[in-house]
>>> print(open('structure11.cif').read())   # mmCIF, C-alpha atoms and all ligand atoms
data_coords
#
loop_
_atom_site.label_atom_id
_atom_site.label_comp_id
_atom_site.auth_asym_id
_atom_site.auth_seq_id
_atom_site.Cartn_x
_atom_site.Cartn_y
_atom_site.Cartn_z
CA MET A 254 0.00 0.00 0.00
CA ILE A 255 1.29 3.46 -0.90
CA LYS A 256 1.74 5.47 2.32
CA THR A 257 1.22 9.10 1.42
CA ALA A 258 0.12 12.35 2.98
CA ILE A 259 -2.13 13.03 -0.03
CA LYS A 260 -5.55 11.40 0.15
CA VAL A 261 -7.48 10.94 -3.11
CA ALA A 262 -11.25 10.52 -2.88
CA ILE A 263 -14.27 10.12 -5.12
CA THR A 264 -16.05 13.46 -4.79
CA GLY A 265 -18.88 12.90 -7.28
CA THR A 266 -20.62 10.02 -9.07
CA GLY A 267 -22.94 9.75 -12.06
CA ALA A 268 -24.63 7.12 -14.22
CA ALA A 269 -26.52 6.90 -17.50
CA LEU A 270 -28.69 4.01 -18.66
CA PRO A 271 -30.62 3.90 -21.93
CA GLU A 272 -34.42 3.87 -21.62
CA THR A 273 -34.97 0.85 -23.90
CA ARG A 274 -35.36 -2.43 -22.02
CA LEU A 275 -34.83 -5.90 -23.52
CA THR A 276 -36.36 -8.58 -21.30
CA ASN A 277 -35.66 -12.30 -21.20
CA GLN A 278 -39.13 -12.79 -22.69
CA ASP A 279 -38.11 -10.61 -25.65
CA LEU A 280 -35.00 -12.79 -26.09
CA GLU A 281 -37.12 -15.96 -26.07
CA LYS A 282 -38.61 -14.67 -29.33
CA MET A 283 -35.18 -13.97 -30.87
CA VAL A 284 -33.06 -17.08 -30.06
CA ASP A 285 -33.53 -20.59 -28.64
CA THR A 286 -33.49 -19.66 -24.94
CA THR A 287 -35.78 -19.37 -21.91
CA ASP A 288 -36.31 -16.85 -19.15
CA GLU A 289 -35.69 -19.70 -16.68
CA TRP A 290 -32.26 -20.62 -18.21
CA ILE A 291 -31.09 -17.02 -18.24
CA ILE A 292 -32.18 -16.31 -14.65
CA THR A 293 -30.78 -19.50 -13.13
CA ARG A 294 -27.47 -19.41 -15.06
CA THR A 295 -26.81 -15.66 -14.91
CA GLY A 296 -29.28 -13.80 -12.65
CA ILE A 297 -30.20 -11.45 -15.52
CA ARG A 298 -33.86 -10.48 -16.05
CA GLU A 299 -33.50 -7.56 -18.44
CA ARG A 300 -30.85 -5.27 -19.91
CA ARG A 301 -30.81 -1.79 -21.46
CA LEU A 302 -30.04 -1.16 -25.14
CA LEU A 303 -28.88 2.15 -26.54
CA GLU A 304 -31.26 3.65 -29.07
CA LYS A 305 -30.23 3.98 -32.72
CA GLY A 306 -28.51 7.28 -33.48
CA ARG A 307 -26.96 7.57 -30.00
CA SER A 308 -23.46 6.42 -29.13
CA ASN A 309 -21.03 5.59 -26.36
CA LEU A 310 -20.13 9.29 -26.20
CA ASP A 311 -23.75 10.25 -25.38
CA LEU A 312 -23.84 7.81 -22.45
CA ALA A 313 -20.37 8.87 -21.26
CA GLU A 314 -21.38 12.53 -21.41
CA ALA A 315 -24.61 12.04 -19.44
CA ALA A 316 -22.79 10.12 -16.68
CA ALA A 317 -19.91 12.64 -16.65
CA VAL A 318 -22.20 15.69 -16.41
CA MET A 319 -23.94 14.11 -13.41
CA ALA A 320 -20.64 13.24 -11.69
CA LEU A 321 -19.29 16.77 -12.24
CA GLU A 322 -22.50 18.30 -10.90
CA ASN A 323 -22.34 16.09 -7.80
CA ALA A 324 -18.70 17.11 -7.26
CA GLY A 325 -19.58 20.80 -7.73
CA LEU A 326 -17.14 21.15 -10.65
CA LYS A 327 -17.28 22.48 -14.21
CA GLY A 328 -15.72 20.69 -17.16
CA ALA A 329 -13.24 23.55 -17.58
CA GLU A 330 -11.81 22.72 -14.14
CA LEU A 331 -10.75 19.17 -15.11
CA ASP A 332 -7.07 18.26 -15.61
CA LEU A 333 -7.57 14.75 -17.00
CA ILE A 334 -10.34 12.66 -18.56
CA LEU A 335 -10.05 8.86 -18.68
CA VAL A 336 -12.63 6.72 -20.46
CA ALA A 337 -12.48 2.97 -19.90
CA THR A 338 -14.26 1.20 -22.74
CA VAL A 339 -14.13 -1.70 -25.20
CA THR A 340 -16.82 -0.06 -27.34
CA PRO A 341 -15.47 3.42 -28.15
CA ASP A 342 -17.26 5.48 -30.80
CA HIS A 343 -14.20 5.01 -33.06
CA LEU A 344 -10.86 3.23 -32.92
CA PHE A 345 -9.58 6.80 -32.96
CA PRO A 346 -10.00 9.56 -31.98
CA SER A 347 -10.70 8.41 -28.44
CA THR A 348 -14.11 8.79 -26.80
CA ALA A 349 -12.24 10.70 -24.05
CA CYS A 350 -11.24 13.43 -26.54
CA LEU A 351 -14.78 13.68 -27.92
CA LEU A 352 -16.03 13.92 -24.33
CA GLN A 353 -13.45 16.61 -23.53
CA ALA A 354 -14.93 18.76 -26.32
CA ARG A 355 -18.53 18.15 -25.15
CA LEU A 356 -17.66 19.08 -21.55
CA GLY A 357 -15.69 22.19 -22.54
CA ALA A 358 -12.77 20.72 -20.58
CA HIS A 359 -10.19 22.87 -22.38
CA HIS A 360 -7.46 22.26 -19.81
CA ALA A 361 -7.82 18.49 -19.62
CA ALA A 362 -5.65 15.81 -21.22
CA ALA A 363 -7.82 12.92 -22.40
CA PHE A 364 -7.39 9.29 -23.38
CA ASP A 365 -9.24 5.98 -23.53
CA LEU A 366 -8.08 2.91 -21.68
CA SER A 367 -8.76 -0.67 -22.77
CA ALA A 368 -8.69 -3.34 -20.06
CA GLY A 369 -11.95 -5.18 -20.76
CA CYS A 370 -14.39 -5.34 -17.87
CA SER A 371 -11.58 -4.36 -15.47
CA GLY A 372 -11.20 -1.07 -17.35
CA PHE A 373 -12.84 1.15 -14.74
CA ILE A 374 -10.61 -0.11 -11.90
CA TYR A 375 -7.53 0.26 -14.13
CA ALA A 376 -8.58 3.81 -15.06
CA LEU A 377 -9.29 4.68 -11.43
CA SER A 378 -5.78 3.58 -10.48
CA VAL A 379 -4.30 5.72 -13.29
CA GLY A 380 -6.26 8.79 -12.17
CA TYR A 381 -5.18 8.11 -8.57
CA GLN A 382 -1.49 8.01 -9.59
CA PHE A 383 -1.81 11.28 -11.55
CA ILE A 384 -3.15 13.01 -8.44
CA LEU A 385 -0.62 11.38 -6.08
CA SER A 386 2.24 12.50 -8.32
CA GLY A 387 0.98 16.07 -8.15
CA ALA A 388 0.47 16.24 -11.93
CA CYS A 389 -3.33 16.63 -11.69
CA ARG A 390 -5.92 17.77 -9.16
CA ARG A 391 -9.24 17.02 -10.81
CA VAL A 392 -9.69 13.79 -12.77
CA LEU A 393 -12.83 12.42 -14.42
CA VAL A 394 -12.96 8.62 -14.73
CA VAL A 395 -15.70 7.11 -16.91
CA GLY A 396 -16.67 3.51 -17.70
CA ALA A 397 -18.96 3.52 -20.75
CA GLU A 398 -20.12 0.66 -22.97
CA VAL A 399 -22.45 0.00 -25.87
CA LEU A 400 -22.01 -3.75 -25.96
CA SER A 401 -25.26 -4.21 -27.89
CA ARG A 402 -23.43 -2.96 -30.99
CA ILE A 403 -20.82 -5.77 -30.85
CA THR A 404 -23.24 -8.50 -29.71
CA ASP A 405 -24.13 -11.34 -32.07
CA TRP A 406 -27.91 -11.35 -31.73
CA GLU A 407 -28.00 -14.84 -33.30
CA ASP A 408 -25.65 -16.37 -30.68
CA ARG A 409 -27.69 -17.44 -27.65
CA ALA A 410 -24.52 -18.18 -25.65
CA THR A 411 -23.58 -14.48 -25.55
CA CYS A 412 -26.53 -12.30 -26.60
CA VAL A 413 -28.43 -12.89 -23.35
CA LEU A 414 -25.56 -11.54 -21.26
CA PHE A 415 -24.73 -7.96 -22.20
CA GLY A 416 -26.22 -4.50 -21.76
CA ASP A 417 -25.38 -0.83 -22.37
CA GLY A 418 -24.66 1.89 -19.81
CA ALA A 419 -22.13 4.30 -18.35
CA GLY A 420 -20.89 5.36 -14.93
CA ALA A 421 -18.52 8.16 -13.97
CA VAL A 422 -16.66 9.46 -10.93
CA VAL A 423 -14.62 12.56 -10.13
CA LEU A 424 -11.33 12.08 -8.25
CA GLN A 425 -9.83 14.89 -6.18
CA PRO A 426 -7.27 15.28 -3.39
CA VAL A 427 -8.99 15.72 0.00
CA ARG A 428 -7.81 16.89 3.41
CA GLU A 429 -9.67 14.32 5.54
CA GLU A 430 -7.38 11.61 6.96
CA ASP A 431 -10.12 8.98 7.19
CA ARG A 432 -11.20 9.14 3.56
CA GLY A 433 -9.95 8.12 0.13
CA LEU A 434 -8.46 5.36 -2.00
CA LEU A 435 -6.24 2.98 -0.02
CA CYS A 436 -4.74 0.49 -2.46
CA PHE A 437 -5.09 -1.29 -5.80
CA GLU A 438 -4.36 -4.77 -7.11
CA LEU A 439 -4.07 -5.01 -10.90
CA GLY A 440 -3.11 -8.02 -12.98
CA ALA A 441 -3.22 -9.54 -16.44
CA ASP A 442 -2.77 -12.91 -18.13
CA GLY A 443 -2.44 -12.44 -21.87
CA THR A 444 -2.23 -16.19 -22.43
CA GLY A 445 -6.02 -16.13 -22.02
CA ALA A 446 -6.54 -13.40 -24.63
CA GLY A 447 -8.44 -15.72 -26.97
CA LEU A 448 -11.08 -16.60 -24.36
CA LEU A 449 -12.93 -13.31 -24.75
CA ALA A 450 -12.33 -11.21 -27.84
CA LEU A 451 -13.64 -9.17 -30.74
CA PRO A 452 -11.79 -10.98 -33.54
CA ALA A 453 -11.96 -8.46 -36.42
CA GLY A 454 -11.94 -4.72 -37.02
CA GLY A 455 -8.45 -4.07 -35.66
CA SER A 456 -5.26 -3.88 -37.73
CA ALA A 457 -4.57 -7.62 -37.37
CA CYS A 458 -7.82 -8.49 -39.09
CA PRO A 459 -9.32 -5.44 -40.81
CA ALA A 460 -12.97 -5.35 -41.81
CA SER A 461 -13.73 -7.15 -45.07
CA ALA A 462 -16.67 -8.89 -46.70
CA GLU A 463 -15.17 -12.12 -45.34
CA THR A 464 -14.99 -10.91 -41.71
CA ILE A 465 -18.57 -9.73 -41.90
CA LYS A 466 -19.75 -13.02 -43.40
CA ASN A 467 -17.91 -14.91 -40.64
CA ARG A 468 -19.52 -12.74 -37.93
CA GLN A 469 -16.07 -11.72 -36.65
CA HIS A 470 -17.19 -8.24 -35.59
CA PHE A 471 -19.08 -9.66 -32.64
CA ILE A 472 -17.99 -10.75 -29.14
CA ARG A 473 -16.61 -14.29 -28.98
CA MET A 474 -16.39 -15.81 -25.52
CA ASN A 475 -15.53 -19.19 -24.03
CA GLY A 476 -17.99 -18.71 -21.16
CA ASN A 477 -16.94 -21.80 -19.19
CA GLU A 478 -13.25 -20.92 -19.14
CA VAL A 479 -13.91 -17.26 -18.30
CA PHE A 480 -16.23 -18.41 -15.51
CA LYS A 481 -13.50 -20.63 -14.02
CA PHE A 482 -10.98 -17.76 -14.28
CA ALA A 483 -13.42 -15.38 -12.53
CA VAL A 484 -14.19 -17.77 -9.68
CA ARG A 485 -10.43 -18.11 -9.05
CA VAL A 486 -9.35 -14.49 -9.53
CA VAL A 487 -12.07 -12.71 -7.49
CA PRO A 488 -11.23 -14.29 -4.10
CA ASP A 489 -7.47 -14.15 -4.83
CA THR A 490 -7.62 -10.43 -5.65
CA LEU A 491 -9.78 -9.71 -2.61
CA ALA A 492 -7.40 -11.61 -0.32
CA ARG A 493 -4.40 -9.65 -1.64
CA LEU A 494 -6.28 -6.34 -1.35
CA MET A 495 -7.27 -7.02 2.25
CA GLU A 496 -3.74 -8.11 3.12
CA GLN A 497 -2.29 -4.97 1.52
CA GLY A 498 -4.84 -2.76 3.28
CA GLY A 499 -4.50 -4.60 6.62
CA VAL A 500 -8.26 -5.22 6.88
CA SER A 501 -10.50 -8.29 7.18
CA ALA A 502 -13.64 -9.22 5.26
CA ALA A 503 -15.74 -8.61 8.36
CA GLN A 504 -14.66 -4.95 8.32
CA LEU A 505 -15.95 -4.37 4.76
CA ASP A 506 -19.07 -2.21 4.67
CA TYR A 507 -19.44 -2.78 0.93
CA LEU A 508 -18.13 -5.13 -1.72
CA PHE A 509 -18.69 -4.03 -5.33
CA LEU A 510 -18.15 -6.87 -7.79
CA HIS A 511 -18.14 -6.79 -11.56
CA GLN A 512 -21.64 -7.81 -12.64
CA ALA A 513 -20.95 -10.69 -15.05
CA ASN A 514 -22.87 -13.52 -13.42
CA LEU A 515 -24.89 -13.66 -10.19
CA ARG A 516 -23.36 -17.07 -9.43
CA ILE A 517 -19.84 -15.56 -9.39
CA ILE A 518 -21.05 -12.71 -7.14
CA GLU A 519 -22.85 -15.07 -4.75
CA SER A 520 -19.89 -17.44 -4.51
CA ALA A 521 -17.58 -14.56 -3.46
CA ARG A 522 -20.18 -13.12 -1.07
CA LYS A 523 -20.75 -16.46 0.68
CA ARG A 524 -17.03 -17.22 0.88
CA LEU A 525 -16.51 -13.90 2.72
CA ASN A 526 -19.65 -14.45 4.80
CA LEU A 527 -21.06 -11.02 3.87
CA PRO A 528 -24.84 -10.31 4.04
CA PRO A 529 -26.55 -9.54 0.67
CA GLU A 530 -27.08 -5.84 1.53
CA ARG A 531 -23.31 -5.36 1.65
CA VAL A 532 -22.82 -6.75 -1.86
CA PRO A 533 -25.10 -4.68 -4.13
CA VAL A 534 -26.30 -6.16 -7.40
CA HIS A 535 -27.79 -4.68 -10.57
CA ILE A 536 -27.08 -7.52 -13.00
CA ASP A 537 -30.79 -8.48 -12.83
CA ARG A 538 -31.72 -5.05 -14.25
CA TYR A 539 -28.80 -4.21 -16.57
CA GLY A 540 -26.93 -7.42 -17.46
CA ASN A 541 -23.17 -7.29 -17.92
CA MET A 542 -22.13 -3.71 -18.80
CA SER A 543 -18.37 -4.43 -18.74
CA SER A 544 -16.43 -1.37 -17.52
CA ALA A 545 -19.66 0.48 -16.62
CA SER A 546 -20.85 -2.09 -14.09
CA ILE A 547 -18.83 -0.95 -11.03
CA PRO A 548 -19.20 2.84 -11.45
CA VAL A 549 -22.98 2.39 -11.93
CA LEU A 550 -23.10 0.32 -8.72
CA LEU A 551 -21.13 3.02 -6.88
CA HIS A 552 -23.43 5.74 -8.17
CA GLU A 553 -26.61 3.86 -7.25
CA GLU A 554 -25.45 3.28 -3.67
CA ALA A 555 -24.16 6.85 -3.32
CA ALA A 556 -27.31 8.41 -4.81
CA ALA A 557 -29.52 6.34 -2.47
CA GLY A 558 -27.56 7.77 0.48
CA ARG A 559 -26.42 4.33 1.63
CA LEU A 560 -22.69 5.07 1.31
CA LYS A 561 -21.58 6.99 4.40
CA ARG A 562 -18.36 8.89 4.97
CA GLY A 563 -15.75 6.50 6.38
CA HIS A 564 -17.38 3.32 5.01
CA LEU A 565 -14.79 0.74 3.94
CA LEU A 566 -15.38 -0.41 0.34
CA ALA A 567 -13.72 -3.00 -1.85
CA ALA A 568 -14.30 -3.46 -5.59
CA VAL A 569 -13.10 -6.24 -7.88
CA ALA A 570 -13.49 -6.66 -11.64
CA PHE A 571 -12.23 -9.18 -14.20
CA GLY A 572 -12.53 -9.54 -17.95
CA ALA A 573 -11.03 -9.57 -21.41
CA GLY A 574 -7.26 -9.56 -21.68
CA LEU A 575 -7.49 -11.47 -19.43
CA THR A 576 -7.34 -8.76 -16.79
CA TRP A 577 -8.35 -8.26 -13.19
CA GLY A 578 -8.32 -5.31 -10.86
CA GLY A 579 -9.33 -4.48 -7.31
CA MET A 580 -9.39 -1.41 -5.11
CA LEU A 581 -9.95 -0.65 -1.46
CA MET A 582 -11.17 2.73 -0.25
CA ARG A 583 -12.78 4.69 2.57
CA TRP A 584 -15.79 6.62 1.25
O1 LIG B 601 -17.57 -9.74 -18.09
C1 LIG B 601 -16.63 -10.46 -18.79
C2 LIG B 601 -16.43 -11.77 -18.21
N1 LIG B 601 -17.48 -12.69 -18.61
C3 LIG B 601 -17.92 -13.57 -17.73
O2 LIG B 601 -17.55 -13.54 -16.60
C4 LIG B 601 -18.82 -14.67 -18.19
C5 LIG B 601 -18.49 -15.92 -17.43
N2 LIG B 601 -19.26 -17.08 -17.86
C6 LIG B 601 -20.53 -17.24 -17.53
O3 LIG B 601 -21.12 -16.42 -16.87
C7 LIG B 601 -21.19 -18.55 -17.91
O4 LIG B 601 -20.21 -19.42 -18.41
C8 LIG B 601 -22.32 -18.37 -18.97
C9 LIG B 601 -23.51 -17.66 -18.33
C10 LIG B 601 -21.81 -17.58 -20.15
C11 LIG B 601 -22.79 -19.74 -19.43
O5 LIG B 601 -23.24 -20.50 -18.33
P1 LIG B 601 -22.77 -22.00 -18.15
O6 LIG B 601 -23.44 -22.52 -16.95
O7 LIG B 601 -21.26 -22.00 -18.17
O8 LIG B 601 -23.38 -22.69 -19.42
P2 LIG B 601 -22.64 -23.50 -20.57
O9 LIG B 601 -21.93 -22.57 -21.49
O10 LIG B 601 -21.84 -24.62 -19.96
O11 LIG B 601 -23.86 -24.13 -21.33
C12 LIG B 601 -24.69 -25.12 -20.72
C13 LIG B 601 -25.77 -25.51 -21.68
C14 LIG B 601 -25.24 -25.88 -23.07
O12 LIG B 601 -26.06 -26.91 -23.57
P3 LIG B 601 -25.55 -28.43 -23.53
O13 LIG B 601 -24.27 -28.44 -24.34
O14 LIG B 601 -25.33 -28.73 -22.09
O15 LIG B 601 -26.68 -29.18 -24.18
C15 LIG B 601 -25.47 -24.64 -23.89
O16 LIG B 601 -25.63 -24.91 -25.25
O17 LIG B 601 -26.65 -24.39 -21.89
C16 LIG B 601 -26.77 -24.13 -23.29
N3 LIG B 601 -26.96 -22.68 -23.45
C17 LIG B 601 -28.17 -22.12 -23.43
N4 LIG B 601 -29.39 -22.63 -23.27
C18 LIG B 601 -30.44 -21.76 -23.26
C19 LIG B 601 -26.02 -21.72 -23.62
N5 LIG B 601 -26.62 -20.53 -23.73
C20 LIG B 601 -27.94 -20.75 -23.60
C21 LIG B 601 -29.07 -19.90 -23.60
N6 LIG B 601 -30.29 -20.45 -23.42
N7 LIG B 601 -28.96 -18.56 -23.73
#
>>> encode(input="structure11.cif", output="structure tokens")
Amino acid sequence: MIKTAIKVAITGTGAALPETRLTNQDLEKMVDTTDEWIITRTGIRERRLLEKGRSNLDLAEAAAVMALENAGLKGAELDLILVATVTPDHLFPSTACLLQARLGAHHAAAFDLSAGCSGFIYALSVGYQFILSGACRRVLVVGAEVLSRITDWEDRATCVLFGDGAGAVVLQPVREEDRGLLCFELGADGTGAGLLALPAGGSACPASAETIKNRQHFIRMNGNEVFKFAVRVVPDTLARLMEQGGVSAAQLDYLFLHQANLRIIESARKRLNLPPERVPVHIDRYGNMSSASIPVLLHEEAAAGRLKRGHLLAAVAFGAGLTWGGMLMRW
């Protein structure tokens, strides 16, 4: 754990979810699946889909505006904008730069960060380091995804899982001793890169009539192997985080887990012996929103007034790369 006089805290949160809902019953009419299979295997009941004509940038902007408002800041006061996403508007320029223009954040540097579903935790750790180093004072961190646009709606193994949404937080240095980010645990295992990927559209396999015919512009996932990886990496990361932070599971007021599968969440919760109210869930309402899942959870708990100053929170995410990331903080 970095011992430092500077404390870095989340001073504002925001979220944006599209209005359009796609229920399991809707999916029953699209592919060979059932509401019962989806609920028992994943915990998902419905997910949100971004309307035609809107993009990742629109969701990122709505979440960012809310987070800035809650932090009492204007875009022009930001020093850095980080957008974690696997579904940027374009390969380049980055969504972060487009967002910088929308927010009028003339003084902010801006870049996207790609670390799959762990992207938000990775981006949070980057923003934290920029503030610790003294290079920045006000950092906006966004997790925004439009997974519906890279979902194969003919593949029942994946199309029931994903949803669209965005969450954002503002990071700032604070004076209070008993508040702020405490430590991070980040990791990667590129030998598992092929387990969860978007095969075409990058420079290794540019778009062609062939890649479109072969449906290579959609998510490909080996669900079983990713599941096994997640069940291993979540408790390992949590154990290392708690060791680094010198805290025990019983001291955690909140555990925020990446919302990929309710069975993965429940297995971690039961292993740590935490009551359900300390491990919030929105996968039933939104499905897997990749890098947006944890910031949306944070925003929902903060907006409901359940997060109190001094609460001890842990968050862990895992995903494509393969990557994993965890953080411990006092609210
Ligand atoms: O956020 C990024 C990280 N991603 C994840 O963490 C995802 C991790 N993986 C998972 O959550 C699970 O592996 C899934 C939910 C994706 C799949 O659950 P599973 O219990 O591992 O199912 P399975 O893939 O082993 O499939 C079991 C059966 C198969 O049929 P057979 O071969 O046993 O006859 C599948 O064909 O379920 C079938 N199946 C479906 N049936 C109805 C697969 N998808 C569906 C479906 N509806 N949508």
>>> closest_residue(input="structure11.cif", among="A:Ala269, A:Ala545, A:Ala483, A:Leu551", to="Asp311 in chain A", atoms="only C-alpha atoms")
A:Ala269
>>> residues_around(input="structure11.cif", residues="Cys350 in chain A", least_positions_apart="2", cutoff="9 Å", atoms="all atoms listed in the file", output="list in words")
Ile334, Pro346, Ser347, Thr348, Leu352, Gln353, Ala354, Arg355, Ala362, Ala363, Phe364 and Asp365 of chain A
>>> write_last_selection(input="structure11.cif", atoms="C-alpha atoms", output="short mmCIF file (atom, residue, chain, number, x, y, z; two decimals), in the frame of the given file")
data_model
loop_
_atom_site.label_atom_id
_atom_site.label_comp_id
_atom_site.auth_asym_id
_atom_site.auth_seq_id
_atom_site.Cartn_x
_atom_site.Cartn_y
_atom_site.Cartn_z
CA ILE A 334 -10.34 12.66 -18.56
CA PRO A 346 -10.00 9.56 -31.98
CA SER A 347 -10.70 8.41 -28.44
CA THR A 348 -14.11 8.79 -26.80
CA LEU A 352 -16.03 13.92 -24.33
CA GLN A 353 -13.45 16.61 -23.53
CA ALA A 354 -14.93 18.76 -26.32
CA ARG A 355 -18.53 18.15 -25.15
CA ALA A 362 -5.65 15.81 -21.22
CA ALA A 363 -7.82 12.92 -22.40
CA PHE A 364 -7.39 9.29 -23.38
CA ASP A 365 -9.24 5.98 -23.53
#
>>> closest_residue(input="structure11.cif", among="A:His470, A:Arg522, A:Arg294, A:Arg493", to="Trp406 in chain A", atoms="all atoms listed in the file")
A:His470
>>> residues_near_ligand(input="structure11.cif", ligand="ligand LIG 601 (chain B)", cutoff="6 Å", atoms="all atoms listed in the file", output="VMD selection string")
chain A and resid 286 to 287 290 294 to 295 370 409 to 410 413 476 to 477 479 to 480 513 to 514 543 572
>>> closest_residue(input="structure11.cif", among="A:Pro452, A:Gly563, A:Pro426, A:Gly443", to="Ala368 in chain A", atoms="all atoms listed in the file")
A:Gly443
>>> atom_distance(input="structure11.cif", atom1="CA of His359 in chain A", atom2="CA of Glu314 in chain A")
15.3 Å
>>> residues_near_point(input="structure11.cif", point="(-9.3, -1.2, -17.8)", cutoff="12 Å", atoms="all atoms listed in the file", output="mmCIF file with C-alpha atoms, in the frame of the given file")
data_model
loop_
_atom_site.group_PDB
_atom_site.id
_atom_site.type_symbol
_atom_site.label_atom_id
_atom_site.label_comp_id
_atom_site.auth_asym_id
_atom_site.auth_seq_id
_atom_site.Cartn_x
_atom_site.Cartn_y
_atom_site.Cartn_z
ATOM 1 C CA LEU A 335 -10.050 8.860 -18.680
ATOM 2 C CA VAL A 336 -12.630 6.720 -20.460
ATOM 3 C CA ALA A 337 -12.480 2.970 -19.900
ATOM 4 C CA THR A 338 -14.260 1.200 -22.740
ATOM 5 C CA VAL A 339 -14.130 -1.700 -25.200
ATOM 6 C CA ASP A 365 -9.240 5.980 -23.530
ATOM 7 C CA LEU A 366 -8.080 2.910 -21.680
ATOM 8 C CA SER A 367 -8.760 -0.670 -22.770
ATOM 9 C CA ALA A 368 -8.690 -3.340 -20.060
ATOM 10 C CA GLY A 369 -11.950 -5.180 -20.760
ATOM 11 C CA CYS A 370 -14.390 -5.340 -17.870
ATOM 12 C CA SER A 371 -11.580 -4.360 -15.470
ATOM 13 C CA GLY A 372 -11.200 -1.070 -17.350
ATOM 14 C CA PHE A 373 -12.840 1.150 -14.740
ATOM 15 C CA ILE A 374 -10.610 -0.110 -11.900
ATOM 16 C CA TYR A 375 -7.530 0.260 -14.130
ATOM 17 C CA ALA A 376 -8.580 3.810 -15.060
ATOM 18 C CA LEU A 377 -9.290 4.680 -11.430
ATOM 19 C CA SER A 378 -5.780 3.580 -10.480
ATOM 20 C CA VAL A 379 -4.300 5.720 -13.290
ATOM 21 C CA GLY A 380 -6.260 8.790 -12.170
ATOM 22 C CA VAL A 394 -12.960 8.620 -14.730
ATOM 23 C CA VAL A 395 -15.700 7.110 -16.910
ATOM 24 C CA GLY A 396 -16.670 3.510 -17.700
ATOM 25 C CA ALA A 397 -18.960 3.520 -20.750
ATOM 26 C CA LEU A 439 -4.070 -5.010 -10.900
ATOM 27 C CA GLY A 440 -3.110 -8.020 -12.980
ATOM 28 C CA ALA A 441 -3.220 -9.540 -16.440
ATOM 29 C CA SER A 543 -18.370 -4.430 -18.740
ATOM 30 C CA SER A 544 -16.430 -1.370 -17.520
ATOM 31 C CA ALA A 545 -19.660 0.480 -16.620
ATOM 32 C CA ILE A 547 -18.830 -0.950 -11.030
ATOM 33 C CA VAL A 569 -13.100 -6.240 -7.880
ATOM 34 C CA ALA A 570 -13.490 -6.660 -11.640
ATOM 35 C CA PHE A 571 -12.230 -9.180 -14.200
ATOM 36 C CA GLY A 572 -12.530 -9.540 -17.950
ATOM 37 C CA ALA A 573 -11.030 -9.570 -21.410
ATOM 38 C CA GLY A 574 -7.260 -9.560 -21.680
ATOM 39 C CA LEU A 575 -7.490 -11.470 -19.430
ATOM 40 C CA THR A 576 -7.340 -8.760 -16.790
ATOM 41 C CA TRP A 577 -8.350 -8.260 -13.190
ATOM 42 C CA GLY A 578 -8.320 -5.310 -10.860
ATOM 43 C CA GLY A 579 -9.330 -4.480 -7.310
#
